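Source file: work_33.csv; contents: CSV, C-alpha atoms.
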chain,number,residue,atom,x,y,z
A,1,MET,CA,91.7,133.8,141.1
A,2,LYS,CA,91.7,137.4,142.1
A,3,ASP,CA,89.8,139.9,139.9
A,4,ILE,CA,91.5,143.1,139.2
A,5,LEU,CA,89.1,146.0,139.7
A,6,THR,CA,89.2,148.5,137.0
A,7,PRO,CA,88.1,152.2,137.1
A,8,PHE,CA,85.0,151.0,135.2
A,9,ALA,CA,84.1,148.3,137.6
A,10,SER,CA,84.8,150.3,140.7
A,11,ALA,CA,82.9,153.3,139.4
A,12,GLY,CA,79.9,150.9,139.2
A,13,ARG,CA,79.0,152.0,135.7
A,14,LEU,CA,78.3,149.7,132.8
A,15,MET,CA,81.3,148.6,130.8
A,16,LEU,CA,80.9,149.7,127.2
A,17,LYS,CA,82.5,148.0,124.2
A,18,ASP,CA,84.5,151.1,123.5
A,19,ASP,CA,86.0,151.0,127.0
A,20,LEU,CA,87.7,147.8,126.1
A,21,LYS,CA,89.9,149.7,123.7
A,22,ALA,CA,91.2,151.9,126.5
A,23,VAL,CA,92.0,149.1,129.0
A,24,GLU,CA,93.7,145.8,128.5
A,25,PRO,CA,90.9,143.3,128.5
A,26,GLN,CA,93.1,140.8,130.4
A,27,ASN,CA,93.1,143.2,133.4
A,28,LEU,CA,89.4,143.5,133.6
A,29,SER,CA,87.3,141.8,136.3
A,30,ASP,CA,84.9,139.0,135.3
A,31,GLU,CA,81.9,141.3,135.9
A,32,ALA,CA,83.3,144.0,133.6
A,33,LEU,CA,84.0,141.4,130.9
A,34,VAL,CA,80.6,139.8,131.2
A,35,GLN,CA,79.0,143.3,130.8
A,36,ALA,CA,81.0,144.0,127.7
A,37,ALA,CA,80.3,140.5,126.3
A,38,GLN,CA,76.6,141.1,126.9
A,39,GLN,CA,76.8,144.2,124.8
A,40,GLY,CA,78.3,142.1,121.9
A,41,SER,CA,82.1,142.3,122.5
A,42,LEU,CA,83.6,139.0,121.3
A,43,ASP,CA,87.0,140.2,122.6
A,44,ALA,CA,85.6,140.3,126.1
A,45,PHE,CA,84.1,136.9,125.8
A,46,ASP,CA,87.4,135.6,124.4
A,47,VAL,CA,89.2,136.8,127.6
A,48,LEU,CA,86.6,135.0,129.7
A,49,TYR,CA,87.1,131.9,127.6
A,50,GLU,CA,90.9,132.0,128.1
A,51,ARG,CA,90.5,132.6,131.8
A,52,TYR,CA,88.1,129.8,132.5
A,53,LEU,CA,89.0,127.2,129.9
A,54,PRO,CA,91.5,125.4,132.3
A,55,MET,CA,88.9,125.2,135.0
A,56,VAL,CA,86.1,123.9,132.8
A,57,TYR,CA,88.5,121.5,131.0
A,58,ASN,CA,89.8,120.0,134.2
A,59,ARG,CA,86.4,119.6,135.7
A,60,VAL,CA,85.1,117.9,132.6
A,61,ARG,CA,88.3,115.8,132.4
A,62,PHE,CA,87.6,114.2,135.7
A,63,THR,CA,83.9,113.7,135.2
A,64,VAL,CA,83.3,112.4,131.6
A,65,PRO,CA,85.1,109.8,129.4
A,66,GLU,CA,88.3,111.0,127.6
A,67,THR,CA,86.6,110.7,124.2
A,68,ASP,CA,83.9,113.2,125.0
A,69,ILE,CA,86.0,115.8,126.9
A,70,GLU,CA,86.3,118.2,124.0
A,71,ASP,CA,82.7,118.0,123.0
A,72,VAL,CA,81.4,118.6,126.5
A,73,THR,CA,83.8,121.4,127.1
A,74,GLN,CA,82.7,123.1,123.9
A,75,GLU,CA,79.0,122.6,124.7
A,76,ILE,CA,79.5,124.2,128.0
A,77,PHE,CA,81.0,127.4,126.5
A,78,ILE,CA,78.2,127.4,123.8
A,79,GLY,CA,75.8,127.2,126.7
A,80,VAL,CA,77.6,130.3,128.2
A,81,ILE,CA,77.1,132.2,125.0
A,82,ARG,CA,73.4,131.3,124.8
A,83,SER,CA,72.7,132.1,128.4
A,84,LEU,CA,74.9,135.2,128.7
A,85,LYS,CA,72.0,137.6,128.4
A,86,SER,CA,70.3,136.0,131.3
A,87,PHE,CA,73.2,136.4,133.6
A,88,LYS,CA,72.2,139.2,136.0
A,89,GLY,CA,75.3,139.2,138.1
A,90,ASP,CA,73.5,138.0,141.3
A,91,ALA,CA,76.2,135.4,141.7
A,92,ARG,CA,79.8,135.4,140.7
A,93,PHE,CA,80.5,134.5,137.1
A,94,SER,CA,82.7,131.6,138.3
A,95,THR,CA,79.9,130.2,140.4
A,96,TRP,CA,77.4,130.6,137.6
A,97,LEU,CA,79.8,128.9,135.2
A,98,ARG,CA,80.4,125.9,137.6
A,99,THR,CA,76.6,125.5,137.8
A,100,LEU,CA,76.5,125.3,134.0
A,101,VAL,CA,79.4,122.7,134.1
A,102,ASN,CA,77.6,120.5,136.6
A,103,ARG,CA,74.3,120.7,134.8
A,104,ARG,CA,75.9,119.8,131.5
A,105,VAL,CA,77.8,116.9,133.0
A,106,ALA,CA,74.5,115.7,134.6
A,107,ASP,CA,72.7,116.0,131.2
A,108,TYR,CA,75.6,114.1,129.6
A,109,TYR,CA,75.1,111.1,131.8
A,110,ARG,CA,71.3,111.3,131.7
A,111,ALA,CA,71.4,111.2,127.9
A,112,ARG,CA,73.6,108.1,127.7
A,113,ASN,CA,73.0,104.4,127.9
A,114,PRO,CA,74.4,103.4,131.3
A,115,ALA,CA,76.1,100.2,130.0
A,116,GLU,CA,77.7,102.1,127.2
A,117,THR,CA,78.9,104.8,129.6
A,118,GLU,CA,80.4,102.3,132.0
A,119,LEU,CA,82.4,100.6,129.3
A,120,GLU,CA,83.7,103.8,127.8
A,121,THR,CA,84.5,105.2,131.2
A,122,ASP,CA,86.6,102.2,132.0
A,123,ILE,CA,88.7,102.5,128.9
A,124,SER,CA,89.0,106.2,128.9
A,125,GLU,CA,89.8,106.5,132.5
A,126,ALA,CA,92.6,104.0,132.0
A,127,GLU,CA,93.8,106.1,129.1
A,128,SER,CA,93.4,109.4,131.0
A,129,VAL,CA,95.2,108.1,134.1
A,130,LEU,CA,98.0,106.7,132.0
A,131,ASN,CA,98.5,110.1,130.3
A,132,VAL,CA,99.1,111.8,133.6
A,133,VAL,CA,100.7,109.1,135.7
A,134,HIS,CA,104.5,109.4,136.0
A,135,VAL,CA,106.5,106.7,134.3
A,136,SER,CA,107.7,105.3,137.6
A,137,SER,CA,104.2,104.7,138.9
A,138,ASN,CA,103.4,101.1,139.3
A,139,THR,CA,100.4,99.2,138.1
A,140,ALA,CA,98.8,99.2,141.6
A,141,SER,CA,98.8,103.0,141.8
A,142,ILE,CA,97.3,103.3,138.3
A,143,ASP,CA,94.5,100.9,139.4
A,144,ASP,CA,94.0,102.9,142.5
A,145,GLN,CA,93.5,106.0,140.6
A,146,ILE,CA,91.0,104.5,138.2
A,147,VAL,CA,89.1,103.1,141.2
A,148,LEU,CA,89.3,106.5,142.8
A,149,ARG,CA,88.0,108.4,139.8
A,150,ARG,CA,85.1,106.0,139.4
A,151,ALA,CA,84.2,106.3,143.0
A,152,LEU,CA,84.3,110.1,142.7
A,153,HIS,CA,81.5,109.9,140.0
A,154,GLU,CA,79.3,108.0,142.4
A,155,LEU,CA,79.4,110.7,145.1
A,156,PRO,CA,76.7,113.3,145.6
A,157,GLU,CA,77.3,116.5,143.7
A,158,SER,CA,78.2,118.6,146.7
A,159,TYR,CA,80.9,116.1,147.6
A,160,GLN,CA,82.3,116.0,144.1
A,161,ASP,CA,82.2,119.7,143.9
A,162,ILE,CA,84.2,120.4,147.0
A,163,LEU,CA,86.9,117.8,146.1
A,164,LEU,CA,87.2,119.2,142.6
A,165,LEU,CA,87.4,122.8,144.0
A,166,ARG,CA,90.3,121.9,146.3
A,167,PHE,CA,92.2,119.3,144.4
A,168,VAL,CA,91.6,120.3,140.7
A,169,GLU,CA,91.1,124.0,140.9
A,170,GLY,CA,93.4,124.5,143.8
A,171,LEU,CA,91.2,126.9,145.7
A,172,GLN,CA,92.0,127.4,149.4
A,173,PHE,CA,89.4,126.5,151.9
A,174,ASN,CA,88.5,130.2,152.6
A,175,GLU,CA,88.0,130.7,148.9
A,176,ILE,CA,85.8,127.7,148.6
A,177,ALA,CA,83.8,129.0,151.6
A,178,GLN,CA,83.3,132.3,149.7
A,179,GLU,CA,82.5,130.5,146.5
A,180,ARG,CA,79.9,128.3,148.2
A,181,SER,CA,78.6,131.1,150.5
A,182,GLN,CA,79.1,129.1,153.6
A,183,SER,CA,81.3,129.4,156.7
A,184,LEU,CA,84.9,128.1,156.8
A,185,GLU,CA,83.9,125.5,159.4
A,186,ALA,CA,81.0,124.3,157.3
A,187,THR,CA,83.4,124.1,154.3
A,188,LYS,CA,86.0,122.0,156.1
A,189,SER,CA,83.3,119.8,157.5
A,190,LEU,CA,81.9,119.2,154.1
A,191,PHE,CA,85.4,118.4,152.8
A,192,ARG,CA,86.1,115.9,155.5
A,193,ARG,CA,82.7,114.2,154.9
A,194,ALA,CA,83.4,114.1,151.2
A,195,VAL,CA,86.8,112.4,151.7
A,196,ALA,CA,85.2,109.9,154.1
A,197,ALA,CA,82.4,109.2,151.6
A,198,LEU,CA,85.0,108.7,148.9
A,199,ARG,CA,86.9,106.3,151.0
A,200,LYS,CA,83.8,104.3,151.8
A,201,GLN,CA,82.8,104.3,148.1
A,202,VAL,CA,86.3,102.9,147.2
A,203,GLU,CA,86.1,100.2,149.8
A,204,GLN,CA,82.5,99.2,149.1
A,205,PRO,CA,81.7,100.3,145.5
A,206,ASP,CA,78.2,98.7,145.6
A,207,ALA,CA,77.2,100.3,149.0
B,1,MET,CA,99.2,118.7,164.3
B,2,PRO,CA,96.9,116.5,166.4
B,3,ASP,CA,98.4,113.1,167.1
B,4,ASN,CA,97.2,110.1,169.1
B,5,SER,CA,94.3,111.7,170.9
B,6,GLN,CA,90.7,111.0,169.9
B,7,PHE,CA,89.4,113.6,167.5
B,8,ASP,CA,86.0,115.2,167.7
B,9,SER,CA,84.5,116.0,164.4
B,10,SER,CA,85.5,119.7,164.3
B,11,MET,CA,89.1,118.9,165.2
B,12,LEU,CA,89.1,116.3,162.5
B,13,ASP,CA,87.8,118.8,160.0
B,14,ASP,CA,90.6,121.2,160.8
B,15,ALA,CA,93.2,118.5,160.9
B,16,LEU,CA,92.3,117.1,157.5
B,17,ALA,CA,92.1,120.6,156.0
B,18,SER,CA,95.6,121.4,157.3
B,19,PHE,CA,96.9,118.1,156.1
B,20,THR,CA,95.5,118.7,152.6
B,21,ASP,CA,96.9,122.2,152.5
B,22,ARG,CA,100.4,120.9,153.3
B,23,LEU,CA,100.0,118.0,150.9
B,24,LEU,CA,99.0,120.3,148.0
B,25,GLY,CA,101.7,122.8,149.1
B,26,GLY,CA,104.3,120.1,148.3
B,27,GLU,CA,105.1,119.2,151.9
B,28,SER,CA,105.5,115.7,153.2
B,29,SER,CA,102.3,113.7,153.3
B,30,GLU,CA,103.7,111.2,155.8
B,31,SER,CA,101.1,110.3,158.4
B,32,THR,CA,102.2,110.6,162.0
B,33,THR,CA,98.9,110.1,163.7
B,34,SER,CA,97.7,106.9,165.5
B,35,ASP,CA,94.1,107.8,165.1
B,36,SER,CA,92.9,105.2,162.6
B,37,GLU,CA,90.0,107.4,161.2
B,38,PHE,CA,92.3,110.3,160.6
B,39,ARG,CA,95.0,108.1,159.1
B,40,ASP,CA,92.4,106.7,156.6
B,41,LEU,CA,91.3,110.1,155.6
B,42,GLN,CA,94.9,111.2,155.1
B,43,VAL,CA,95.6,108.2,152.8
B,44,THR,CA,92.5,109.0,150.7
B,45,ALA,CA,93.4,112.7,150.5
B,46,SER,CA,96.9,111.6,149.3
B,47,GLN,CA,95.4,109.3,146.7
B,48,LEU,CA,93.1,112.1,145.5
B,49,ALA,CA,96.0,114.5,145.2
B,50,ARG,CA,97.7,112.0,142.9
B,51,ALA,CA,94.6,111.1,140.9
B,52,LEU,CA,93.2,114.6,140.4
B,53,LYS,CA,96.3,116.5,139.1
B,54,ALA,CA,95.1,119.4,136.9
B,55,SER,CA,96.7,119.8,133.5
B,56,PRO,CA,96.4,122.6,130.9
B,57,PRO,CA,94.2,121.9,128.0
B,58,ASP,CA,95.7,121.0,124.7
B,59,PRO,CA,96.3,124.2,122.7
B,60,ALA,CA,95.0,122.6,119.5
B,61,MET,CA,91.8,121.6,121.2
B,62,ALA,CA,91.5,125.1,122.7
B,63,GLN,CA,91.8,126.6,119.2
B,64,ARG,CA,89.2,124.2,117.7
B,65,ILE,CA,86.7,125.1,120.4
B,66,ARG,CA,87.5,128.9,120.0
B,67,ALA,CA,86.7,128.6,116.3
B,68,SER,CA,83.3,126.9,117.0
B,69,LEU,CA,82.5,129.5,119.6
B,70,ALA,CA,83.2,132.3,117.2
B,71,ALA,CA,80.7,130.8,114.8
B,72,GLU,CA,78.2,130.4,117.6
B,73,TRP,CA,78.8,133.9,118.7
B,74,GLN,CA,77.9,135.2,115.2
B,75,ARG,CA,74.7,133.2,115.2
B,76,THR,CA,73.6,134.0,118.8
B,77,MET,CA,74.7,137.6,119.3
B,78,PRO,CA,73.3,139.4,116.3
B,79,VAL,CA,74.7,142.8,115.3
B,80,THR,CA,71.2,144.4,115.7
B,81,LYS,CA,72.5,145.9,118.9
B,82,LYS,CA,74.7,148.2,116.9
B,83,THR,CA,71.9,149.7,114.8
B,84,SER,CA,69.5,150.0,117.7
B,85,ALA,CA,72.1,151.9,119.7
B,86,GLN,CA,72.3,154.6,117.0
B,87,PRO,CA,70.3,157.8,117.7
B,88,ARG,CA,67.1,158.1,115.9
B,89,ALA,CA,67.3,160.4,112.8
B,90,GLY,CA,65.5,163.7,112.8
B,91,TRP,CA,62.8,164.5,110.2
B,92,TRP,CA,65.2,166.7,108.2
B,93,ASP,CA,67.9,163.9,108.2
B,94,ARG,CA,65.3,161.4,107.0
B,95,ILE,CA,64.2,163.7,104.1
B,96,ARG,CA,67.8,164.5,103.3
B,97,GLY,CA,68.6,160.8,103.4
B,98,MET,CA,66.2,160.3,100.5
B,99,PHE,CA,68.4,162.4,98.3
B,100,ILE,CA,71.8,162.1,99.7
B,101,ASP,CA,73.5,158.7,100.0
B,102,GLU,CA,75.6,158.3,103.1
B,103,SER,CA,75.9,154.5,103.1
B,104,ASP,CA,78.4,152.8,100.9
B,105,SER,CA,76.9,149.4,101.3
B,106,ARG,CA,73.5,150.3,100.1
B,107,TRP,CA,74.8,152.7,97.5
B,108,GLN,CA,73.0,151.0,94.5
B,109,SER,CA,69.5,151.1,95.9
B,110,LYS,CA,69.9,154.6,97.3
B,111,ARG,CA,71.0,155.9,93.9
B,112,SER,CA,67.9,154.7,92.1
B,113,LEU,CA,65.8,156.2,94.9
B,114,GLN,CA,67.5,159.5,94.5
B,115,GLN,CA,66.7,159.5,90.7
B,116,THR,CA,63.1,158.7,91.4
B,117,TYR,CA,62.7,161.5,93.9
B,118,GLY,CA,64.7,163.8,91.6
B,119,PHE,CA,62.2,163.2,88.7
B,120,ALA,CA,59.3,163.5,91.0
B,121,LEU,CA,60.5,166.8,92.2
B,122,ALA,CA,61.0,168.0,88.6
B,123,GLY,CA,57.4,167.0,87.8
B,124,LEU,CA,56.0,168.7,90.9
B,125,ALA,CA,57.8,171.9,90.0
B,126,ALA,CA,56.4,171.8,86.4
B,127,ILE,CA,52.9,171.2,87.7
B,128,LEU,CA,53.3,174.1,90.1
B,129,VAL,CA,54.4,176.5,87.4
B,130,ILE,CA,51.4,175.5,85.2
B,131,ILE,CA,49.0,176.0,88.0
B,132,LEU,CA,50.5,179.4,88.7
B,133,ILE,CA,50.2,180.4,85.1
B,134,PHE,CA,46.6,179.3,84.6
B,135,THR,CA,45.4,180.9,87.8
B,136,ASP,CA,46.9,184.2,86.7
B,137,LEU,CA,49.0,184.4,89.8
B,138,ILE,CA,51.9,185.1,87.5
B,139,PRO,CA,51.1,187.9,85.0
B,140,THR,CA,51.9,186.0,81.7
B,141,GLU,CA,52.1,189.3,79.9
B,142,THR,CA,55.2,190.2,81.7
B,143,LEU,CA,56.9,186.9,80.9
B,144,PRO,CA,59.2,186.7,77.9
B,145,GLY,CA,57.2,185.1,75.0
B,146,ALA,CA,53.8,186.3,76.3
B,147,THR,CA,52.4,186.2,72.9
B,148,LEU,CA,53.0,182.4,72.6
B,149,SER,CA,50.1,179.9,72.6
B,150,THR,CA,49.1,177.9,75.7
B,151,PRO,CA,50.6,174.5,74.5
B,152,VAL,CA,54.0,176.2,74.0
B,153,ILE,CA,53.7,177.8,77.4
B,154,VAL,CA,52.9,174.4,79.0
B,155,ALA,CA,55.9,172.8,77.2
B,156,GLY,CA,58.1,175.6,78.3
B,157,ALA,CA,56.9,175.3,81.9
B,158,LEU,CA,57.5,171.6,81.8
B,159,ILE,CA,61.1,172.1,80.6
B,160,VAL,CA,61.7,174.8,83.3
B,161,GLY,CA,60.2,172.6,85.9
B,162,PHE,CA,62.4,169.7,84.9
B,163,VAL,CA,65.5,171.8,84.9
B,164,LEU,CA,64.6,173.1,88.3
B,165,GLY,CA,64.1,169.6,89.7
B,166,ALA,CA,67.2,168.3,88.2
B,167,ALA,CA,69.2,171.3,89.5
B,168,ALA,CA,67.7,170.7,93.0
B,169,TRP,CA,68.7,167.0,92.8
B,170,TYR,CA,72.2,167.8,91.6
B,171,PHE,CA,72.7,170.4,94.3
B,172,LEU,CA,71.7,168.0,97.0
B,173,ARG,CA,73.9,165.3,95.5
B,174,ARG,CA,76.9,167.7,95.5
B,175,LYS,CA,76.4,168.5,99.2
B,176,ARG,CA,77.4,164.9,100.0
Would you give me this structure, written as structure tokens?
Amino acid sequence: MKDILTPFASAGRLMLKDDLKAVEPQNLSDEALVQAAQQGSLDAFDVLYERYLPMVYNRVRFTVPETDIEDVTQEIFIGVIRSLKSFKGDARFSTWLRTLVNRRVADYYRARNPAETELETDISEAESVLNVVHVSSNTASIDDQIVLRRALHELPESYQDILLLRFVEGLQFNEIAQERSQSLEATKSLFRRAVAALRKQVEQPDA
Amino acid sequence: MPDNSQFDSSMLDDALASFTDRLLGGESSESTTSDSEFRDLQVTASQLARALKASPPDPAMAQRIRASLAAEWQRTMPVTKKTSAQPRAGWWDRIRGMFIDESDSRWQSKRSLQQTYGFALAGLAAILVIILIFTDLIPTETLPGATLSTPVIVAGALIVGFVLGAAAWYFLRRKR
């Protein structure tokens, strides 16, 4: 996702609420929107919400049971509102937001009974996969996808993260490298190790 | 694309990344390599591409979340920012504000405050006139009704003071 630099952002001055009236908020960079939201602009926050809801939703969709997707997504954005003042702009907003998503998903699993989670995950994964799988898909491929998603949950966070960035968010490898502040080579290497680890997890789920 | 040679790890990284780019770009995901490790990775990447298809959030859900966020926003981001951002009023503005109401929302309480200060001003003016008369700073002989008794003079001064105070209050109100 490319940010569009505005005169406000490029001039390096703070974005004021009144500035939003002069520029289409949809055209503002994340940073300019965050600054306006920090000053109390709900309009600016709304644009950020529109911009990042698909990313947050899809990340959550592949990491928590179907029944809790809406609640967790909502809690993440509530967390954004509550933490907005503390965002200093040291990292990109998207990076900061992904950290919040990962933390919230981790809290979600920490707070739940493992047995309950496993049962719900089985059912909801089946429902979720059935919702997206094409009508012509056979039972074997549906089973494969359920197994794959379950295996994904078992991977270390860095592996899950890079697979979600590439497959779910559709970021190119150079964009992922920027996002993770690492070299392109290191990014591709991490990706290959993540795919290999997933394969191993699918073949030996208890390993 | 690498084929049946042995891959070192960096070649494997590049080859899998290229394969994934083609796969997600909609090109054929047919494997042509004889390297078993690379072929396994290709198969897993293909499965991932099928299993992790992104989809847009349900609009109704997005709307429900937006409504909750708006409520949370009102709770978390107080409007105090607006008042603190206003410039601090000068001393004259603050005194003037005691008499002249510039806020519609607080109109009721301001009005009673204005009346209080109006009466206080009238009383103050009356006391001032009495003091001036009794300290002979104003030659009472020159005033109309100089032959009147002291209680009448006091009553007259009170009336004059009240009229002056009321006039001052009315004048300030009209400037609004």
When the cut-off is 6 Å and we count all atoms listed in the file, which residues of chain B are near chain A, given as a PyMOL selection string?
chain B and resi 13+51-52+54+56+65
Would you put the residues from that selection into a file with C-alpha atoms, as a CSV table (one decimal), in the coordinates of the input?
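Output contents, as saved in part-v5.csv:
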chain,number,residue,atom,x,y,z
B,13,ASP,CA,87.8,118.8,160.0
B,51,ALA,CA,94.6,111.1,140.9
B,52,LEU,CA,93.2,114.6,140.4
B,54,ALA,CA,95.1,119.4,136.9
B,56,PRO,CA,96.4,122.6,130.9
B,65,ILE,CA,86.7,125.1,120.4
What separates CA of Gly161 in chain B and CA of Leu124 in chain B is a distance of 7.6 Å
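For the pair CA of Leu158 in chain B and CA of Ala126 in chain B, the interatomic distance is 4.7 Å.
Atom pair CA of Val160 in chain B / CA of Val129 in chain B: separated by 8.5 Å.
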Give me, as a ChimeraX atom specification, all polymer residues having an atom no more than 8 Å from Leu100 in chain A, counting only C-alpha atoms and skipping those fewer than 3 positions away in the same chain.
/A:76,79-80,96-97,103-104
Residues near Leu171 in chain A, anyone? I mean within 12 Å using all atoms listed in the file, not counting same-chain ones fewer than 5 positions away, as an MDAnalysis selection string.
(chainID A and resid 1:2 55 161:166 176:180 187) or (chainID B and resid 20:21 24:25)
Considering only C-alpha atoms, state which residue in the set B:Ser36, B:Ala45, B:Ala120, B:Thr76 is at the smallest distance from Ala17 in chain B.
B:Ala45
